[in-house]
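Take a look at the structure below.
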Amino acid sequence: MVNVLVLGLGNVLLSDEGVGVRIVEALQAGHDLPEHVELLDGGTSGMELLDTVAERDCLIVADAVNARGPAGRVVRLVDDEIRQMLETRLSPHQLGLSDMLAALRLIGKSPRRVVVVGVVPESLELGMELSPAARKGRDEAVAMILEELARIGALAPRPAPGDLT
């Protein structure tokens with residue numbers, strides 16, 4: 001079995017900055033995932049998550065990302081793309097993520113695979129509701145994470161439309 005952590009990051013008090021947490025909430029509410037796929041609201045945590053993240057087969061981070069394109073656009077980042085995203089920080093918790101991943105590399109306990117599924121925010125204003133663009137992005141990110149879980153063998157692939165088997 002693949003040992004997976006889906007980690008939602010963000011500050012839910014700053015509207016779209018909390019989209020990573022909202023993605024994990026949507027996965028918890030709408031999907032019955034196998035027990036080897038752990039969902040975690042990491043909020044704005046960083047180094048506190050070191051033991052939780054250490055030695056996972058796969059870490060999928062859901063977060064708001066500072067990327068080009070319209071608000072609500074969903075991006076998938078792996079390997080060097082993640083380092084580049086962390087260099088152009090969107091929020092203070094990304095420093096914690098960067099430090100945590102670096103510390104895990106240093107002690108030889110990095111997850112085997114790290115994927116960031118991010119949503120470009122529209123608003124970082126004080127408020128607990130996502131903007132319409134971020135809500136749309138949240139739903140697309142949930143689908144992308146489910147596809148990622150199927151790709152790595154953590155979920156059975158979804159049947160194609162019209163497939164009765």
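As shown in the structure tokens, the chain order sets the letters A, B, ...; within each chain, residues go from 1, and ligands are also counted from 1 in the order they appear.
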Would you mind listing, for every residue of range 113-147 of chain A within 9 Å of range 66-74 of chain A, the two atoms forming the shortest contact and the distance between them in Å to one decimal, using only C-alpha atoms, sorted by chain and ascending residue number, as CSV?
residue,atom,partner,partner_atom,distance
A:Val117,CA,A:Val74,CA,6.9
A:Gly118,CA,A:Val74,CA,5.6
A:Val119,CA,A:Val74,CA,4.6
A:Val120,CA,A:Ala71,CA,4.9
A:Pro121,CA,A:Ala71,CA,5.2
A:Glu122,CA,A:Ala71,CA,4.8
A:Ser123,CA,A:Ala71,CA,8.6
A:Ser131,CA,A:Gly72,CA,8.7
A:Pro132,CA,A:Gly72,CA,8.1
A:Ala133,CA,A:Gly72,CA,4.4
A:Ala134,CA,A:Gly72,CA,4.6
A:Arg135,CA,A:Gly72,CA,7.4
A:Lys136,CA,A:Gly72,CA,6.3
A:Gly137,CA,A:Gly72,CA,4.5
A:Arg138,CA,A:Gly72,CA,7.8
A:Glu140,CA,A:Val74,CA,6.9
A:Ala141,CA,A:Val74,CA,6.2
A:Met144,CA,A:Val74,CA,8.7
Any chance you could export the current selection's N, CA and C atoms as a PDB file, in the first residue's frame?
ATOM      1  N   VAL A 117      -0.592  20.859  -5.456  1.00  0.00           N
ATOM      2  CA  VAL A 117      -1.753  21.225  -6.264  1.00  0.00           C
ATOM      3  C   VAL A 117      -2.216  22.559  -5.711  1.00  0.00           C
ATOM      4  N   GLY A 118      -2.049  23.597  -6.505  1.00  0.00           N
ATOM      5  CA  GLY A 118      -2.327  24.943  -6.024  1.00  0.00           C
ATOM      6  C   GLY A 118      -3.386  25.654  -6.824  1.00  0.00           C
ATOM      7  N   VAL A 119      -3.989  26.627  -6.177  1.00  0.00           N
ATOM      8  CA  VAL A 119      -5.015  27.461  -6.800  1.00  0.00           C
ATOM      9  C   VAL A 119      -4.547  28.909  -6.721  1.00  0.00           C
ATOM     10  N   VAL A 120      -4.616  29.618  -7.845  1.00  0.00           N
ATOM     11  CA  VAL A 120      -4.278  31.038  -7.876  1.00  0.00           C
ATOM     12  C   VAL A 120      -5.410  31.805  -7.187  1.00  0.00           C
ATOM     13  N   PRO A 121      -5.080  32.569  -6.129  1.00  0.00           N
ATOM     14  CA  PRO A 121      -6.128  33.271  -5.386  1.00  0.00           C
ATOM     15  C   PRO A 121      -6.609  34.530  -6.100  1.00  0.00           C
ATOM     16  N   GLU A 122      -7.837  34.903  -5.801  1.00  0.00           N
ATOM     17  CA  GLU A 122      -8.393  36.167  -6.295  1.00  0.00           C
ATOM     18  C   GLU A 122      -8.321  37.223  -5.199  1.00  0.00           C
ATOM     19  N   SER A 123      -8.594  36.804  -3.964  1.00  0.00           N
ATOM     20  CA  SER A 123      -8.672  37.737  -2.846  1.00  0.00           C
ATOM     21  C   SER A 123      -7.919  37.180  -1.639  1.00  0.00           C
ATOM     22  N   SER A 131     -13.537  33.192  -2.738  1.00  0.00           N
ATOM     23  CA  SER A 131     -14.109  33.910  -3.876  1.00  0.00           C
ATOM     24  C   SER A 131     -14.716  32.893  -4.843  1.00  0.00           C
ATOM     25  N   PRO A 132     -15.592  33.333  -5.742  1.00  0.00           N
ATOM     26  CA  PRO A 132     -16.140  32.399  -6.740  1.00  0.00           C
ATOM     27  C   PRO A 132     -15.035  31.710  -7.560  1.00  0.00           C
ATOM     28  N   ALA A 133     -13.987  32.439  -7.916  1.00  0.00           N
ATOM     29  CA  ALA A 133     -12.900  31.841  -8.698  1.00  0.00           C
ATOM     30  C   ALA A 133     -12.180  30.762  -7.886  1.00  0.00           C
ATOM     31  N   ALA A 134     -11.935  31.030  -6.613  1.00  0.00           N
ATOM     32  CA  ALA A 134     -11.246  30.045  -5.774  1.00  0.00           C
ATOM     33  C   ALA A 134     -12.135  28.836  -5.497  1.00  0.00           C
ATOM     34  N   ARG A 135     -13.447  29.029  -5.396  1.00  0.00           N
ATOM     35  CA  ARG A 135     -14.357  27.876  -5.213  1.00  0.00           C
ATOM     36  C   ARG A 135     -14.281  26.964  -6.437  1.00  0.00           C
ATOM     37  N   LYS A 136     -14.288  27.559  -7.615  1.00  0.00           N
ATOM     38  CA  LYS A 136     -14.167  26.767  -8.845  1.00  0.00           C
ATOM     39  C   LYS A 136     -12.811  26.046  -8.865  1.00  0.00           C
ATOM     40  N   GLY A 137     -11.753  26.766  -8.490  1.00  0.00           N
ATOM     41  CA  GLY A 137     -10.427  26.170  -8.433  1.00  0.00           C
ATOM     42  C   GLY A 137     -10.347  25.047  -7.413  1.00  0.00           C
ATOM     43  N   ARG A 138     -11.017  25.242  -6.262  1.00  0.00           N
ATOM     44  CA  ARG A 138     -11.050  24.186  -5.236  1.00  0.00           C
ATOM     45  C   ARG A 138     -11.621  22.902  -5.815  1.00  0.00           C
ATOM     46  N   GLU A 140     -11.807  21.950  -8.969  1.00  0.00           N
ATOM     47  CA  GLU A 140     -10.881  21.384  -9.954  1.00  0.00           C
ATOM     48  C   GLU A 140      -9.682  20.739  -9.264  1.00  0.00           C
ATOM     49  N   ALA A 141      -9.214  21.346  -8.173  1.00  0.00           N
ATOM     50  CA  ALA A 141      -8.073  20.801  -7.432  1.00  0.00           C
ATOM     51  C   ALA A 141      -8.437  19.460  -6.791  1.00  0.00           C
ATOM     52  N   MET A 144      -8.189  16.973  -9.448  1.00  0.00           N
ATOM     53  CA  MET A 144      -6.786  16.742  -9.791  1.00  0.00           C
ATOM     54  C   MET A 144      -6.103  15.864  -8.743  1.00  0.00           C
TER      55      MET A 144
END
Give one line per residue of range 96-119 of chain A that approaches range 2-23 of chain A to at most 12 Å, naming the two atoms of the closest pair and their distance in Å to one decimal, counting only C-alpha atoms; sort by chain then ascending residue number and deliver it as a tab-separated table.
residue	atom	partner	partner_atom	distance
A:Gly96	CA	A:Leu9	CA	10.3
A:Leu97	CA	A:Leu9	CA	9.0
A:Pro111	CA	A:Val4	CA	9.1
A:Arg112	CA	A:Asn3	CA	10.1
A:Arg113	CA	A:Val4	CA	9.5
A:Val114	CA	A:Leu5	CA	9.8
A:Val115	CA	A:Val6	CA	9.5
A:Val116	CA	A:Leu7	CA	9.4
A:Val117	CA	A:Gly20	CA	8.5
A:Gly118	CA	A:Gly20	CA	7.4
A:Val119	CA	A:Val19	CA	7.2
Interatomic distance, CA of Leu50 in chain A to CA of Met100 in chain A (Å, one decimal):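 According to the coordinates, CA of Leu50 in chain A and CA of Met100 in chain A are separated by 6.1 Å.
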_Please extract the residues of range 56-122 of chain A with a backbone DSSP assignment of strand (DSSP E or B) and present them as a list in words._
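Secondary structure check on range 56-122 of chain A, strand (DSSP E or B): Cys58, Leu59, Ile60, Val61, Ala62, Asp63, Ala64, Val74, Val75, Arg76, Leu77, Val78, Arg113, Val114, Val115, Val116, Val117, Gly118 and Val119 of chain A.
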Output file for the selection above: N, CA and C atoms, as a PDB file, in the first residue's frame:
ATOM      1  N   CYS A  58       4.185   9.430  -0.550  1.00  0.00           N
ATOM      2  CA  CYS A  58       3.769  10.581  -1.344  1.00  0.00           C
ATOM      3  C   CYS A  58       3.165  11.645  -0.441  1.00  0.00           C
ATOM      4  N   LEU A  59       3.572  12.887  -0.654  1.00  0.00           N
ATOM      5  CA  LEU A  59       2.994  14.050  -0.001  1.00  0.00           C
ATOM      6  C   LEU A  59       2.356  14.900  -1.082  1.00  0.00           C
ATOM      7  N   ILE A  60       1.057  15.133  -0.951  1.00  0.00           N
ATOM      8  CA  ILE A  60       0.355  16.037  -1.858  1.00  0.00           C
ATOM      9  C   ILE A  60      -0.044  17.253  -1.033  1.00  0.00           C
ATOM     10  N   VAL A  61       0.468  18.412  -1.417  1.00  0.00           N
ATOM     11  CA  VAL A  61       0.188  19.653  -0.707  1.00  0.00           C
ATOM     12  C   VAL A  61      -0.830  20.445  -1.509  1.00  0.00           C
ATOM     13  N   ALA A  62      -1.936  20.809  -0.857  1.00  0.00           N
ATOM     14  CA  ALA A  62      -2.955  21.674  -1.460  1.00  0.00           C
ATOM     15  C   ALA A  62      -2.771  23.057  -0.854  1.00  0.00           C
ATOM     16  N   ASP A  63      -2.695  24.093  -1.712  1.00  0.00           N
ATOM     17  CA  ASP A  63      -2.375  25.421  -1.207  1.00  0.00           C
ATOM     18  C   ASP A  63      -2.758  26.483  -2.235  1.00  0.00           C
ATOM     19  N   ALA A  64      -2.772  27.716  -1.776  1.00  0.00           N
ATOM     20  CA  ALA A  64      -2.849  28.854  -2.693  1.00  0.00           C
ATOM     21  C   ALA A  64      -1.442  29.063  -3.242  1.00  0.00           C
ATOM     22  N   VAL A  74      -5.825  26.268 -11.585  1.00  0.00           N
ATOM     23  CA  VAL A  74      -5.216  25.213 -10.780  1.00  0.00           C
ATOM     24  C   VAL A  74      -3.903  24.804 -11.431  1.00  0.00           C
ATOM     25  N   VAL A  75      -2.869  24.703 -10.615  1.00  0.00           N
ATOM     26  CA  VAL A  75      -1.563  24.296 -11.120  1.00  0.00           C
ATOM     27  C   VAL A  75      -1.084  23.067 -10.363  1.00  0.00           C
ATOM     28  N   ARG A  76      -0.348  22.232 -11.057  1.00  0.00           N
ATOM     29  CA  ARG A  76       0.264  21.042 -10.462  1.00  0.00           C
ATOM     30  C   ARG A  76       1.769  21.216 -10.583  1.00  0.00           C
ATOM     31  N   LEU A  77       2.449  21.150  -9.457  1.00  0.00           N
ATOM     32  CA  LEU A  77       3.887  21.356  -9.429  1.00  0.00           C
ATOM     33  C   LEU A  77       4.577  20.131  -8.843  1.00  0.00           C
ATOM     34  N   VAL A  78       5.716  19.761  -9.427  1.00  0.00           N
ATOM     35  CA  VAL A  78       6.526  18.667  -8.906  1.00  0.00           C
ATOM     36  C   VAL A  78       7.992  19.082  -8.956  1.00  0.00           C
ATOM     37  N   ARG A 113       7.809  11.183  -3.054  1.00  0.00           N
ATOM     38  CA  ARG A 113       7.218  12.013  -4.109  1.00  0.00           C
ATOM     39  C   ARG A 113       6.493  13.165  -3.431  1.00  0.00           C
ATOM     40  N   VAL A 114       6.702  14.382  -3.952  1.00  0.00           N
ATOM     41  CA  VAL A 114       6.005  15.562  -3.452  1.00  0.00           C
ATOM     42  C   VAL A 114       5.340  16.249  -4.632  1.00  0.00           C
ATOM     43  N   VAL A 115       4.057  16.512  -4.480  1.00  0.00           N
ATOM     44  CA  VAL A 115       3.279  17.196  -5.504  1.00  0.00           C
ATOM     45  C   VAL A 115       2.536  18.331  -4.823  1.00  0.00           C
ATOM     46  N   VAL A 116       2.563  19.507  -5.440  1.00  0.00           N
ATOM     47  CA  VAL A 116       1.757  20.623  -4.961  1.00  0.00           C
ATOM     48  C   VAL A 116       0.639  20.845  -5.965  1.00  0.00           C
ATOM     49  N   VAL A 117      -0.592  20.859  -5.456  1.00  0.00           N
ATOM     50  CA  VAL A 117      -1.753  21.225  -6.264  1.00  0.00           C
ATOM     51  C   VAL A 117      -2.216  22.559  -5.711  1.00  0.00           C
ATOM     52  N   GLY A 118      -2.049  23.597  -6.505  1.00  0.00           N
ATOM     53  CA  GLY A 118      -2.327  24.943  -6.024  1.00  0.00           C
ATOM     54  C   GLY A 118      -3.386  25.654  -6.824  1.00  0.00           C
ATOM     55  N   VAL A 119      -3.989  26.627  -6.177  1.00  0.00           N
ATOM     56  CA  VAL A 119      -5.015  27.461  -6.800  1.00  0.00           C
ATOM     57  C   VAL A 119      -4.547  28.909  -6.721  1.00  0.00           C
TER      58      VAL A 119
END
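Here the question is which of A:Pro34, A:Asp41, A:Asp99, A:Met128 gets nearest to Ala150 in chain A using only C-alpha atoms, and that residue is A:Pro34.
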Counting only C-alpha atoms, which residues in range 28-83 of chain A sit no more than 10 Å from range 103-110 of chain A? For each one, give the nearest pair of atoms and the distance in Å, sorted by chain then residue number, as a tab-separated table.
residue	atom	partner	partner_atom	distance
A:Met47	CA	A:Ala103	CA	8.5
A:Leu50	CA	A:Leu104	CA	7.2
A:Asp51	CA	A:Leu104	CA	9.1
A:Val53	CA	A:Ser110	CA	7.8
A:Ala54	CA	A:Lys109	CA	5.2
A:Glu55	CA	A:Lys109	CA	4.9
A:Arg56	CA	A:Ser110	CA	7.4
A:Asp57	CA	A:Ser110	CA	8.9
A:Cys58	CA	A:Ser110	CA	9.4
A:Leu59	CA	A:Ser110	CA	9.3
Which residue is closest to Ala26 in chain A? Choose from A:Ala102, A:Leu155, A:Ala143, A:Leu149 and count only C-alpha atoms.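 Closest to Ala26 in chain A, using only C-alpha atoms: A:Ala143.
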*Grab the CA of Asp139 in chain A to CA of Arg83 in chain A distance for me, in Å with one decimal place.*
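One can read the CA of Asp139 in chain A to CA of Arg83 in chain A distance as 24.9 Å.
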Tell me, which residues of range 2-103 of chain A carry DSSP helix (DSSP H, G or I), written as a short mmCIF file (atom, residue, chain, number, x, y, z; two decimals) with N, CA and C atoms, in the first residue's frame?
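Done, and the output landed in states_39.cif:
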data_model
loop_
_atom_site.label_atom_id
_atom_site.label_comp_id
_atom_site.auth_asym_id
_atom_site.auth_seq_id
_atom_site.Cartn_x
_atom_site.Cartn_y
_atom_site.Cartn_z
N SER A 15 -9.65 34.66 3.30
CA SER A 15 -10.41 34.20 2.12
C SER A 15 -9.64 33.16 1.30
N ASP A 16 -9.20 33.50 0.09
CA ASP A 16 -8.61 32.50 -0.81
C ASP A 16 -7.28 31.93 -0.33
N GLU A 17 -6.64 32.57 0.63
CA GLU A 17 -5.39 32.04 1.19
C GLU A 17 -5.65 30.70 1.88
N GLY A 18 -6.89 30.46 2.27
CA GLY A 18 -7.26 29.21 2.93
C GLY A 18 -7.73 28.11 1.99
N VAL A 19 -7.54 28.27 0.69
CA VAL A 19 -8.08 27.32 -0.27
C VAL A 19 -7.51 25.91 -0.07
N GLY A 20 -6.27 25.78 0.37
CA GLY A 20 -5.70 24.45 0.60
C GLY A 20 -6.45 23.68 1.67
N VAL A 21 -6.81 24.37 2.74
CA VAL A 21 -7.60 23.76 3.81
C VAL A 21 -8.99 23.40 3.28
N ARG A 22 -9.55 24.28 2.49
CA ARG A 22 -10.89 24.03 1.93
C ARG A 22 -10.88 22.84 0.96
N ILE A 23 -9.78 22.62 0.27
CA ILE A 23 -9.65 21.46 -0.62
C ILE A 23 -9.69 20.18 0.21
N VAL A 24 -8.96 20.13 1.30
CA VAL A 24 -8.96 18.95 2.17
C VAL A 24 -10.34 18.73 2.76
N GLU A 25 -11.01 19.80 3.17
CA GLU A 25 -12.38 19.67 3.69
C GLU A 25 -13.31 19.06 2.65
N ALA A 26 -13.18 19.51 1.40
CA ALA A 26 -14.02 18.97 0.32
C ALA A 26 -13.72 17.49 0.08
N LEU A 27 -12.47 17.10 0.15
CA LEU A 27 -12.11 15.68 0.01
C LEU A 27 -12.70 14.85 1.14
N GLN A 28 -12.64 15.39 2.37
CA GLN A 28 -13.20 14.67 3.53
C GLN A 28 -14.71 14.53 3.40
N ALA A 29 -15.37 15.58 2.96
CA ALA A 29 -16.83 15.59 2.92
C ALA A 29 -17.40 14.77 1.76
N GLY A 30 -16.69 14.73 0.65
CA GLY A 30 -17.29 14.16 -0.55
C GLY A 30 -16.69 12.87 -1.07
N MET A 47 7.19 23.50 10.53
CA MET A 47 8.07 22.50 11.13
C MET A 47 7.34 21.57 12.10
N GLU A 48 6.20 22.01 12.63
CA GLU A 48 5.44 21.14 13.53
C GLU A 48 4.98 19.86 12.84
N LEU A 49 4.94 19.88 11.52
CA LEU A 49 4.46 18.74 10.74
C LEU A 49 5.57 17.77 10.34
N LEU A 50 6.79 18.04 10.79
CA LEU A 50 7.95 17.25 10.36
C LEU A 50 7.73 15.75 10.54
N ASP A 51 7.34 15.32 11.72
CA ASP A 51 7.15 13.89 11.97
C ASP A 51 5.98 13.32 11.16
N THR A 52 4.96 14.12 10.95
CA THR A 52 3.78 13.67 10.20
C THR A 52 4.10 13.43 8.73
N VAL A 53 4.97 14.25 8.18
CA VAL A 53 5.31 14.18 6.75
C VAL A 53 6.46 13.21 6.48
N ASP A 80 11.50 20.45 -9.15
CA ASP A 80 12.07 21.80 -9.21
C ASP A 80 11.00 22.88 -9.29
N GLU A 81 9.87 22.56 -9.85
CA GLU A 81 8.78 23.53 -9.91
C GLU A 81 8.33 23.94 -8.51
N ILE A 82 8.38 23.01 -7.56
CA ILE A 82 8.00 23.31 -6.18
C ILE A 82 9.00 24.27 -5.57
N ARG A 83 10.27 24.03 -5.77
CA ARG A 83 11.29 24.94 -5.23
C ARG A 83 11.11 26.34 -5.77
N GLN A 84 10.82 26.47 -7.06
CA GLN A 84 10.60 27.79 -7.66
C GLN A 84 9.38 28.47 -7.05
N MET A 85 8.31 27.71 -6.83
CA MET A 85 7.11 28.28 -6.23
C MET A 85 7.40 28.76 -4.82
N LEU A 86 8.18 28.00 -4.07
CA LEU A 86 8.48 28.38 -2.69
C LEU A 86 9.38 29.62 -2.63
N GLU A 87 10.15 29.86 -3.70
CA GLU A 87 10.99 31.06 -3.74
C GLU A 87 10.16 32.32 -3.94
N HIS A 93 3.15 30.77 5.62
CA HIS A 93 3.26 29.33 5.88
C HIS A 93 4.10 28.62 4.83
N GLN A 94 4.29 29.22 3.64
CA GLN A 94 5.11 28.57 2.64
C GLN A 94 6.57 28.54 3.06
N LEU A 95 7.00 29.51 3.88
CA LEU A 95 8.34 29.44 4.45
C LEU A 95 8.45 28.18 5.31
N GLY A 96 7.43 27.90 6.09
CA GLY A 96 7.42 26.69 6.93
C GLY A 96 7.48 25.43 6.09
N LEU A 97 6.75 25.39 4.98
CA LEU A 97 6.78 24.23 4.08
C LEU A 97 8.17 24.06 3.50
N SER A 98 8.77 25.14 3.04
CA SER A 98 10.10 25.09 2.46
C SER A 98 11.12 24.59 3.48
N ASP A 99 11.05 25.13 4.70
CA ASP A 99 11.96 24.71 5.76
C ASP A 99 11.76 23.24 6.11
N MET A 100 10.50 22.82 6.19
CA MET A 100 10.20 21.44 6.55
C MET A 100 10.74 20.47 5.50
N LEU A 101 10.52 20.77 4.23
CA LEU A 101 11.01 19.89 3.17
C LEU A 101 12.54 19.85 3.16
N ALA A 102 13.18 20.99 3.41
CA ALA A 102 14.64 21.03 3.46
C ALA A 102 15.16 20.22 4.65
N ALA A 103 14.51 20.34 5.80
CA ALA A 103 14.93 19.58 6.98
C ALA A 103 14.78 18.08 6.74
#
* What gap, in Å, lies between CA of Leu40 in chain A and CA of Asp79 in chain A? ->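 Interatomic distance, CA of Leu40 in chain A to CA of Asp79 in chain A: 21.5 Å.
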